[in-house]
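Following: one structure in structure tokens, then a few remarks.
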Amino acid sequence: MPAQTLAERILSEKAGHPVRPGEVVDVEVDVALTHEVLGPPTFKMFEELGVPLWDPAKVFVTIDHFVPAATADQANNNRATIEAVERHGITGTAFYDGPSHQTLAESGMVRPGMVVVGTDSHTCTAGALGAFGTGIGSTEMAGVFATGRIWFRVPAATAVALTGTLPRGVYAKDVVLHLLGRVGVAGFRYESLEFGGPGLRGLPMDERIVLANMAVELGAKVGLLETDAATAAFLDPAGAPAGPAAERRIDPAADYGRRFDIDLGDLGPMVARPHSVDNVVPVAEAAGSVRLQQAFLGSCTGGRLTDYRNALEVLDGHTVHPDVRLIVTPASKRIYRQMLVEGMVARFAELGAMVMAPSCGACAGLQGGVLGDGENVVSSSNRNFVGRMGNPGANVFLASPATVAASAITGTITDPRTFL
Ligand SMILES: CC(C)[C@H](C(=O)O)[C@@H](O)C(=O)O
Ligand code: SF4
């Protein structure tokens with residue numbers, strides 16, 4: 001067997017022979033994800049085929065974007081989704097539990113080496129668990145529902161070797177923003193973006209997930225991470241073994257088109273300014289540039305326990321600027337419950353934050369924090385194009401949860417190290 005990239009290894013195992021970049025392979029799907037936004041049209045197209053669902057146990061359906069519904073149309077989509085799940089006997093569901101990529105990761109359905117497809121672009125998040133995860137359209141998903149199979153062109157790969165440790169006030173989000181600043185939104189187009197090295201393995205799972213989650217912002221087909229004991233512990237919190245497939249490391253002898261070496265110790269807090277996720281500068285350069293009306297801590301990128309702990313570390317002992325609405329939208333019910341246990345909900349409430357139900361919330365501007373004309377928001381989420389967060393007249397700045405917290409205190413973009 002030749003040395004393989006993480007993506008080649010998964011697709012080779014699935015195809016039954018060693019695959020090469022550029023080759024088209026037809027593979028079995030292990031998990032198919034859909035949600036209330038693209039689920040109803042997907043089910044409609046699939047049902048027109050007149051065949052049974054290939055495997056109801058391998059489908060995961062969520063209601064996460066329209067939660068709680070802001071309009072009757074949204075509520076009708078939610079109902080249509082529930083009815084489709086009932087019609088087809090689908091067992092994997094997370095209704096009103098938080099963004100699908102977090103709830104799918106928590107569900108235990110995803111394992112290293114799997115092929116995961118979803119009608120959502122951030123399905124690449126499953127790469128944090130060692131799975132070949134990618135977003136597909138609803139028509140293609142109708143085909144997957146019917147056959148349980150899909151074809152891919154095997155992607156070329158880039159390896160990102162992380163060494164060192166992140167300085168205080170710097171987080172995984174800053175690593176992704178740093179990469180976006182270097183290569184741009186199409187920097188890894190249709191590639192497998194593979195992260196490894198001791199720097200990666202030193203990051204907690206909550207932080208690692210950010211790297212896989214934002215691979216799509218860099219144009220990548222998949223964002224695959226090395227897996228280790230921490231991955232296994234995430235998959236099996238009770239300590240049950242995750243199986244021999246759990247440990248997957250980058251093979252330096254594999255055919256990587258490009259290799260990046262990043263010493264985490266060299267990085268600083270970064271911010272992506274409107275209206276592109278690669279419009280990146282060090283936070284210091286954007287500091288004080290605009291007045292903020294909103295600060296958002298949430299989404300499948302920046303709504304996990306580590307994010308809230310980091311944000312509260314900055315916020316503790318300070319007050320939120322009176323002009324700023326601080327919105328906290330946990331990325332799952334499990335996270336929300338743990339926040340209650342740790343007293344974080346109370347601390348956010350005392351700071352005047354609006355703590356919302358787990359959902360996508362303000363991230364895609366579908367409910368839970370739409371912006372007004374000319375308003376500026378600093379957000380721990382992943383996209384800032386014109387109209388993202390619900391208003392083409394608003395401006396979205398993307399940063400780490402700690403930078404969001406620091407900026408909420410001052411009412412303008414602020415380096416979190418000011419308060420650490
Ligand atoms: C609504 C959904 C199809 C969309 C996506 O695919 O990413 C959303 O989750 C987003 O983040 O923009
Ligand atoms: S939280 Fe945002 S990025 Fe994630 S699935 Fe929801 S809308 Fe998309």
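Residues in the structure tokens are numbered from 1 in each chain, the chains being A, B, ... in the order shown, and ligands are numbered from 1 in the order shown.
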Please check which protein, DNA or RNA residues sit within 6 Å of ligand 2, counting only C-alpha atoms and all ligand atoms, and write them as a list of chain:residue names. A:His65, A:Pro99, A:Ser299, A:Cys300, A:Cys360, A:Cys363, A:Ala364
Please find the residues contacting ligand 1 at a distance of at most 10 Å between atoms, with only C-alpha atoms and all ligand atoms counted, and report them as a PyMOL selection string. chain A and resi 34-39+64-66+99-101+118-123+135-138+216+299-301+360+363-366+381-383+388-389
Filtering to N, CA and C atoms, could you give me those residues as a JSON list (two decimals), in the first residue's frame?
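Listing of selection07.json after writing:
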[["chain", "number", "residue", "atom", "x", "y", "z"],
["A", 34, "THR", "N", -29.44, 15.74, 7.03],
["A", 34, "THR", "CA", -30.20, 16.85, 6.44],
["A", 34, "THR", "C", -30.92, 17.59, 7.57],
["A", 35, "HIS", "N", -31.40, 18.78, 7.25],
["A", 35, "HIS", "CA", -32.10, 19.58, 8.26],
["A", 35, "HIS", "C", -33.33, 20.25, 7.66],
["A", 36, "GLU", "N", -34.01, 21.04, 8.47],
["A", 36, "GLU", "CA", -35.30, 21.59, 8.06],
["A", 36, "GLU", "C", -35.22, 22.59, 6.91],
["A", 37, "VAL", "N", -34.01, 23.10, 6.60],
["A", 37, "VAL", "CA", -33.92, 24.07, 5.51],
["A", 37, "VAL", "C", -33.96, 23.35, 4.16],
["A", 38, "LEU", "N", -33.07, 22.37, 3.99],
["A", 38, "LEU", "CA", -33.03, 21.65, 2.71],
["A", 38, "LEU", "C", -33.63, 20.25, 2.81],
["A", 39, "GLY", "N", -34.05, 19.85, 4.00],
["A", 39, "GLY", "CA", -34.67, 18.53, 4.16],
["A", 39, "GLY", "C", -35.97, 18.40, 3.37],
["A", 64, "ASP", "N", -32.61, 22.95, 13.25],
["A", 64, "ASP", "CA", -31.62, 23.77, 13.95],
["A", 64, "ASP", "C", -31.58, 25.23, 13.49],
["A", 65, "HIS", "N", -31.93, 25.49, 12.22],
["A", 65, "HIS", "CA", -31.84, 26.86, 11.72],
["A", 65, "HIS", "C", -33.06, 27.71, 12.10],
["A", 66, "PHE", "N", -34.24, 27.09, 12.08],
["A", 66, "PHE", "CA", -35.49, 27.81, 12.35],
["A", 66, "PHE", "C", -35.97, 27.49, 13.77],
["A", 99, "PRO", "N", -27.12, 23.47, 16.37],
["A", 99, "PRO", "CA", -26.62, 23.27, 15.00],
["A", 99, "PRO", "C", -26.26, 21.81, 14.70],
["A", 100, "SER", "N", -26.66, 21.35, 13.53],
["A", 100, "SER", "CA", -26.55, 19.92, 13.19],
["A", 100, "SER", "C", -25.15, 19.35, 13.33],
["A", 101, "HIS", "N", -24.13, 20.17, 13.04],
["A", 101, "HIS", "CA", -22.77, 19.61, 13.04],
["A", 101, "HIS", "C", -22.32, 19.30, 14.45],
["A", 118, "GLY", "N", -23.87, 15.73, 3.93],
["A", 118, "GLY", "CA", -24.97, 16.48, 4.49],
["A", 118, "GLY", "C", -25.39, 17.59, 3.54],
["A", 119, "THR", "N", -26.66, 17.96, 3.63],
["A", 119, "THR", "CA", -27.14, 19.08, 2.79],
["A", 119, "THR", "C", -26.81, 20.40, 3.49],
["A", 120, "ASP", "N", -25.59, 20.51, 3.94],
["A", 120, "ASP", "CA", -25.15, 21.73, 4.62],
["A", 120, "ASP", "C", -23.64, 21.83, 4.45],
["A", 121, "SER", "N", -23.19, 23.03, 4.11],
["A", 121, "SER", "CA", -21.78, 23.19, 3.75],
["A", 121, "SER", "C", -20.81, 22.90, 4.89],
["A", 122, "HIS", "N", -21.26, 23.03, 6.13],
["A", 122, "HIS", "CA", -20.34, 22.77, 7.25],
["A", 122, "HIS", "C", -20.31, 21.32, 7.69],
["A", 123, "THR", "N", -20.80, 20.42, 6.83],
["A", 123, "THR", "CA", -20.71, 18.98, 7.12],
["A", 123, "THR", "C", -19.24, 18.55, 7.24],
["A", 135, "GLY", "N", -20.36, 18.72, 2.32],
["A", 135, "GLY", "CA", -21.71, 19.16, 1.99],
["A", 135, "GLY", "C", -22.08, 18.78, 0.56],
["A", 136, "ILE", "N", -23.33, 18.43, 0.34],
["A", 136, "ILE", "CA", -23.83, 18.12, -1.01],
["A", 136, "ILE", "C", -25.18, 18.81, -1.18],
["A", 137, "GLY", "N", -25.63, 18.89, -2.43],
["A", 137, "GLY", "CA", -26.92, 19.51, -2.71],
["A", 137, "GLY", "C", -28.08, 18.57, -2.41],
["A", 138, "SER", "N", -29.28, 19.13, -2.41],
["A", 138, "SER", "CA", -30.44, 18.30, -2.05],
["A", 138, "SER", "C", -30.77, 17.27, -3.14],
["A", 216, "VAL", "N", -14.30, 24.58, 4.93],
["A", 216, "VAL", "CA", -15.08, 24.97, 3.74],
["A", 216, "VAL", "C", -14.89, 26.46, 3.43],
["A", 299, "SER", "N", -23.08, 29.44, 17.31],
["A", 299, "SER", "CA", -22.89, 28.73, 16.03],
["A", 299, "SER", "C", -22.08, 27.46, 16.18],
["A", 300, "CYS", "N", -22.06, 26.67, 15.09],
["A", 300, "CYS", "CA", -21.30, 25.42, 15.08],
["A", 300, "CYS", "C", -19.80, 25.69, 15.07],
["A", 301, "THR", "N", -19.41, 26.96, 14.94],
["A", 301, "THR", "CA", -18.00, 27.34, 15.00],
["A", 301, "THR", "C", -17.61, 27.80, 16.39],
["A", 360, "CYS", "N", -28.96, 27.52, 15.46],
["A", 360, "CYS", "CA", -28.04, 28.31, 14.64],
["A", 360, "CYS", "C", -28.16, 29.78, 14.98],
["A", 363, "CYS", "N", -26.49, 33.27, 13.45],
["A", 363, "CYS", "CA", -25.39, 32.96, 12.53],
["A", 363, "CYS", "C", -25.75, 33.20, 11.07],
["A", 364, "ALA", "N", -26.89, 32.65, 10.64],
["A", 364, "ALA", "CA", -27.27, 32.78, 9.23],
["A", 364, "ALA", "C", -28.36, 33.84, 9.05],
["A", 365, "GLY", "N", -28.67, 34.57, 10.10],
["A", 365, "GLY", "CA", -29.64, 35.65, 9.99],
["A", 365, "GLY", "C", -31.06, 35.19, 9.74],
["A", 366, "LEU", "N", -31.39, 34.00, 10.21],
["A", 366, "LEU", "CA", -32.73, 33.45, 9.96],
["A", 366, "LEU", "C", -33.66, 33.72, 11.14],
["A", 381, "SER", "N", -18.97, 33.28, 14.82],
["A", 381, "SER", "CA", -19.43, 32.35, 13.78],
["A", 381, "SER", "C", -18.44, 32.34, 12.61],
["A", 382, "ASN", "N", -18.89, 31.93, 11.43],
["A", 382, "ASN", "CA", -17.93, 31.57, 10.38],
["A", 382, "ASN", "C", -18.05, 32.32, 9.06],
["A", 383, "ARG", "N", -19.06, 33.12, 8.86],
["A", 383, "ARG", "CA", -19.23, 33.78, 7.55],
["A", 383, "ARG", "C", -19.61, 35.24, 7.76],
["A", 388, "ARG", "N", -25.19, 38.15, 5.26],
["A", 388, "ARG", "CA", -25.08, 37.13, 6.30],
["A", 388, "ARG", "C", -25.57, 37.78, 7.59],
["A", 389, "MET", "N", -26.25, 37.08, 8.39],
["A", 389, "MET", "CA", -26.85, 37.58, 9.62],
["A", 389, "MET", "C", -28.05, 38.48, 9.32]]
For Thr319 (chain A), which residue out of A:Val116, A:Ile409, A:Met270, A:Val210 is the nearest one, using only C-alpha atoms? A:Ile409
Would you list, as number ranges by chain, the residues of region 258-376 of chain A that end up in alpha helix (DSSP H) under DSSP run on this structure's backbone? A: 283-286, 299-302, 305-315, 333-341, 344-350
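Minimum atom-to-atom distances from A:Ala75, A:Val117, A:Val222, A:Ala105 to Val27 (chain A) were compared using only C-alpha atoms, and the lowest value belongs to A:Val117.
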Distance CA of Leu180 (chain A)-CA of Pro282 (chain A), one decimal place? 12.1 Å
Excluding Phe145 (chain A) and residues on its chain fewer than 5 positions from it, collect all residues at most 9 Å away from it, counting only C-alpha atoms, and give them as number ranges by chain. A: 32, 42-43, 46, 52-56, 59, 140
Residues of region 249-271 of chain A at most 12 Å from region 285-290 of chain A: nearest atom pair and distance in Å, only C-alpha atoms, as a tab-separated table:
residue	atom	partner	partner_atom	distance
A:Gly268	CA	A:Glu285	CA	11.7
A:Pro269	CA	A:Glu285	CA	10.4
A:Met270	CA	A:Glu285	CA	9.1
A:Val271	CA	A:Ala286	CA	7.5
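Checking A:Gly265, A:Gly298, A:Gly196, A:Pro112 one by one against Asp174 (chain A), counting only C-alpha atoms, you find the shortest gap at A:Gly265.
CA of Ser359 (chain A) sits 26.6 Å away from CA of Thr414 (chain A).
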Judged by only C-alpha atoms, the minimum distance to Glu217 (chain A) among A:Leu351, A:Leu235, A:Val185, A:Val280 is found for A:Val185
Residues within 6 Å of Gly148 (chain A), only C-alpha atoms, excluding chain neighbours under 4 positions, as a PyMOL selection string: chain A and resi 28-29+54+144
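For Ala362 (chain A), the set of protein, DNA and RNA residues having any atom at most 8 Å away, when counting only C-alpha atoms and skipping those fewer than 5 positions along the same chain, is A:Phe296, A:Gln367, A:Gly368, A:Gly369, A:Val370, A:Met389, A:Gly390.
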Can you pull out the residues contacting Ala84 (chain A)? Cut-off 10 Å, using only C-alpha atoms, and skip same-chain residues under 5 positions away; I want them as a list of chain:residue names. A:Gly39, A:Pro40, A:Phe43, A:Lys44, A:Glu47, A:Val61, A:Arg79, A:Gly89, A:Ile90
Tell me, as a PyMOL selection string, which residues lie within 6 Å of Cys124 (chain A), counting only C-alpha atoms; anything in the same chain fewer than 5 positions away does not count. chain A and resi 133-134+213+222-223
Same residues, N, CA and C atoms, output as a CSV table (one decimal), in the first residue's frame:
chain,number,residue,atom,x,y,z
A,133,GLY,N,-16.1,14.2,5.7
A,133,GLY,CA,-17.4,14.8,5.7
A,133,GLY,C,-17.5,16.0,4.8
A,134,THR,N,-18.6,16.1,4.0
A,134,THR,CA,-18.7,17.2,3.0
A,134,THR,C,-20.1,17.5,2.7
A,213,ASN,N,-14.4,22.5,10.9
A,213,ASN,CA,-15.6,23.3,10.6
A,213,ASN,C,-15.4,24.4,9.6
A,222,VAL,N,-12.9,18.7,2.1
A,222,VAL,CA,-13.0,18.2,3.5
A,222,VAL,C,-11.9,18.8,4.3
A,223,GLY,N,-12.1,18.8,5.6
A,223,GLY,CA,-11.1,19.2,6.6
A,223,GLY,C,-10.8,18.1,7.5
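Distance annotation: of A:Thr165, A:Ala220, A:Val170, A:Thr412, the residue with the minimal separation from Gly199 (chain A) is A:Thr165; atom set is only C-alpha atoms.
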Mind listing the strand (DSSP E or B) residues of region 16-68 of chain A, per DSSP on the backbone, as a PyMOL selection string? chain A and resi 24-28+31-35+59-63
Written file, previous selection with all heavy atoms, as a tab-separated table (two decimals), in the first residue's frame:
chain	number	residue	atom	x	y	z
A	24	VAL	N	-12.09	9.04	-9.95
A	24	VAL	CA	-13.48	9.10	-9.49
A	24	VAL	C	-13.83	7.78	-8.83
A	24	VAL	O	-13.62	6.71	-9.41
A	24	VAL	CB	-14.44	9.41	-10.67
A	24	VAL	CG1	-15.90	9.27	-10.22
A	24	VAL	CG2	-14.19	10.82	-11.18
A	25	VAL	N	-14.31	7.88	-7.58
A	25	VAL	CA	-14.68	6.66	-6.86
A	25	VAL	C	-16.15	6.70	-6.48
A	25	VAL	O	-16.70	7.76	-6.20
A	25	VAL	CB	-13.83	6.46	-5.58
A	25	VAL	CG1	-12.40	6.10	-5.93
A	25	VAL	CG2	-13.87	7.70	-4.68
A	26	ASP	N	-16.74	5.52	-6.47
A	26	ASP	CA	-18.13	5.38	-6.06
A	26	ASP	C	-18.10	4.68	-4.70
A	26	ASP	O	-17.57	3.57	-4.58
A	26	ASP	CB	-18.87	4.53	-7.10
A	26	ASP	CG	-20.29	4.27	-6.68
A	26	ASP	OD1	-21.09	5.21	-6.69
A	26	ASP	OD2	-20.60	3.10	-6.33
A	27	VAL	N	-18.61	5.36	-3.66
A	27	VAL	CA	-18.45	4.82	-2.31
A	27	VAL	C	-19.77	4.75	-1.54
A	27	VAL	O	-20.73	5.47	-1.85
A	27	VAL	CB	-17.43	5.65	-1.48
A	27	VAL	CG1	-16.03	5.57	-2.09
A	27	VAL	CG2	-17.89	7.10	-1.34
A	28	GLU	N	-19.73	3.90	-0.54
A	28	GLU	CA	-20.87	3.75	0.37
A	28	GLU	C	-20.89	4.95	1.34
A	28	GLU	O	-19.84	5.40	1.79
A	28	GLU	CB	-20.60	2.45	1.15
A	28	GLU	CG	-21.50	2.14	2.25
A	28	GLU	CD	-20.87	1.10	3.21
A	28	GLU	OE1	-19.64	0.95	3.29
A	28	GLU	OE2	-21.67	0.45	3.86
A	31	VAL	N	-23.12	8.05	6.91
A	31	VAL	CA	-24.11	8.91	7.56
A	31	VAL	C	-24.55	9.98	6.56
A	31	VAL	O	-23.72	10.59	5.88
A	31	VAL	CB	-23.53	9.62	8.81
A	31	VAL	CG1	-24.58	10.54	9.43
A	31	VAL	CG2	-23.03	8.62	9.85
A	32	ALA	N	-25.86	10.18	6.47
A	32	ALA	CA	-26.42	11.23	5.61
A	32	ALA	C	-27.20	12.19	6.51
A	32	ALA	O	-28.12	11.77	7.23
A	32	ALA	CB	-27.33	10.64	4.55
A	33	LEU	N	-26.81	13.46	6.45
A	33	LEU	CA	-27.40	14.48	7.32
A	33	LEU	C	-28.28	15.44	6.52
A	33	LEU	O	-27.88	15.88	5.43
A	33	LEU	CB	-26.26	15.28	7.97
A	33	LEU	CG	-26.56	16.66	8.56
A	33	LEU	CD1	-27.27	16.52	9.90
A	33	LEU	CD2	-25.29	17.47	8.73
A	34	THR	N	-29.44	15.74	7.03
A	34	THR	CA	-30.20	16.85	6.44
A	34	THR	C	-30.92	17.59	7.57
A	34	THR	O	-31.00	17.10	8.70
A	34	THR	CB	-31.15	16.39	5.33
A	34	THR	OG1	-31.63	17.56	4.64
A	34	THR	CG2	-32.34	15.60	5.87
A	35	HIS	N	-31.40	18.78	7.25
A	35	HIS	CA	-32.10	19.58	8.26
A	35	HIS	C	-33.33	20.25	7.66
A	35	HIS	O	-33.63	20.07	6.48
A	35	HIS	CB	-31.16	20.58	8.92
A	35	HIS	CG	-30.36	21.43	7.98
A	35	HIS	ND1	-30.92	22.12	6.93
A	35	HIS	CD2	-29.02	21.70	7.93
A	35	HIS	CE1	-29.98	22.78	6.29
A	35	HIS	NE2	-28.81	22.54	6.85
A	59	VAL	N	-29.44	7.81	8.59
A	59	VAL	CA	-29.83	9.19	8.27
A	59	VAL	C	-29.99	9.96	9.59
A	59	VAL	O	-30.53	9.43	10.57
A	59	VAL	CB	-31.14	9.22	7.45
A	59	VAL	CG1	-31.56	10.65	7.14
A	59	VAL	CG2	-30.96	8.42	6.17
A	60	PHE	N	-29.48	11.19	9.61
A	60	PHE	CA	-29.57	12.04	10.79
A	60	PHE	C	-30.26	13.33	10.38
A	60	PHE	O	-29.79	14.02	9.47
A	60	PHE	CB	-28.17	12.31	11.34
A	60	PHE	CG	-28.14	12.98	12.70
A	60	PHE	CD1	-28.45	12.25	13.84
A	60	PHE	CD2	-27.78	14.31	12.83
A	60	PHE	CE1	-28.41	12.84	15.11
A	60	PHE	CE2	-27.74	14.92	14.09
A	60	PHE	CZ	-28.05	14.19	15.23
A	61	VAL	N	-31.40	13.61	11.00
A	61	VAL	CA	-32.18	14.79	10.60
A	61	VAL	C	-32.30	15.75	11.78
A	61	VAL	O	-32.66	15.34	12.88
A	61	VAL	CB	-33.59	14.37	10.10
A	61	VAL	CG1	-34.37	15.60	9.66
A	61	VAL	CG2	-33.48	13.37	8.96
A	62	THR	N	-32.01	17.01	11.51
A	62	THR	CA	-32.07	18.00	12.58
A	62	THR	C	-33.03	19.13	12.24
A	62	THR	O	-33.36	19.37	11.08
A	62	THR	CB	-30.68	18.61	12.85
A	62	THR	OG1	-30.31	19.43	11.74
A	62	THR	CG2	-29.62	17.56	13.06
A	63	ILE	N	-33.45	19.80	13.30
A	63	ILE	CA	-34.15	21.08	13.15
A	63	ILE	C	-33.32	22.05	13.96
A	63	ILE	O	-33.23	21.93	15.19
A	63	ILE	CB	-35.60	20.99	13.66
A	63	ILE	CG1	-36.39	20.00	12.80
A	63	ILE	CG2	-36.27	22.37	13.65
A	63	ILE	CD1	-37.83	19.79	13.23
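For the choices A:Gln74, A:Ser107, A:Ser380, A:Asn310, the atom-to-atom distance to Thr91 (chain A) is smallest for A:Ser107 when using only C-alpha atoms.
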Distance table requested - region 178-197 of chain A against region 252-259 of chain A, cut-off 10 Å, only C-alpha atoms: one row per qualifying residue with the closest atom pair and its distance in Å to one decimal, ordered by chain and rising residue number, as CSV.
residue,atom,partner,partner_atom,distance
A:Phe188,CA,A:Arg258,CA,9.7
A:Glu191,CA,A:Gly257,CA,9.5
A:Ser192,CA,A:Tyr256,CA,9.6
A:Leu193,CA,A:Tyr256,CA,9.8
A:Glu194,CA,A:Tyr256,CA,9.5
Same residues, all heavy atoms, output as a CSV table (one decimal), in the first residue's frame:
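Saved the output as part.csv:
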chain,number,residue,atom,x,y,z
A,188,PHE,N,-7.7,26.4,-0.8
A,188,PHE,CA,-7.6,25.0,-0.9
A,188,PHE,C,-8.7,24.4,-1.6
A,188,PHE,O,-9.3,23.4,-1.2
A,188,PHE,CB,-7.5,24.4,0.6
A,188,PHE,CG,-6.4,25.0,1.4
A,188,PHE,CD1,-6.6,25.8,2.5
A,188,PHE,CD2,-5.1,24.7,1.0
A,188,PHE,CE1,-5.6,26.3,3.2
A,188,PHE,CE2,-4.0,25.2,1.8
A,188,PHE,CZ,-4.3,26.0,2.9
A,191,GLU,N,-9.7,20.7,-2.2
A,191,GLU,CA,-8.6,19.8,-1.6
A,191,GLU,C,-9.1,19.2,-0.3
A,191,GLU,O,-10.1,19.6,0.4
A,191,GLU,CB,-7.4,20.7,-1.3
A,191,GLU,CG,-6.7,21.1,-2.5
A,191,GLU,CD,-5.4,21.8,-2.2
A,191,GLU,OE1,-4.6,21.4,-1.3
A,191,GLU,OE2,-5.1,22.8,-2.8
A,192,SER,N,-8.3,18.2,0.2
A,192,SER,CA,-8.5,17.7,1.5
A,192,SER,C,-7.5,18.5,2.3
A,192,SER,O,-6.3,18.4,2.1
A,192,SER,CB,-8.2,16.2,1.6
A,192,SER,OG,-8.2,15.8,2.9
A,193,LEU,N,-7.9,19.3,3.3
A,193,LEU,CA,-7.1,20.1,4.1
A,193,LEU,C,-6.9,19.3,5.4
A,193,LEU,O,-7.8,19.1,6.2
A,193,LEU,CB,-7.8,21.5,4.4
A,193,LEU,CG,-7.0,22.5,5.3
A,193,LEU,CD1,-5.7,22.8,4.7
A,193,LEU,CD2,-7.8,23.7,5.5
A,194,GLU,N,-5.6,18.9,5.6
A,194,GLU,CA,-5.4,17.9,6.7
A,194,GLU,C,-4.5,18.5,7.8
A,194,GLU,O,-3.4,19.0,7.5
A,194,GLU,CB,-4.8,16.6,6.1
A,194,GLU,CG,-5.7,16.1,5.0
A,194,GLU,CD,-5.4,14.7,4.5
A,194,GLU,OE1,-4.4,14.1,4.9
A,194,GLU,OE2,-6.2,14.2,3.7
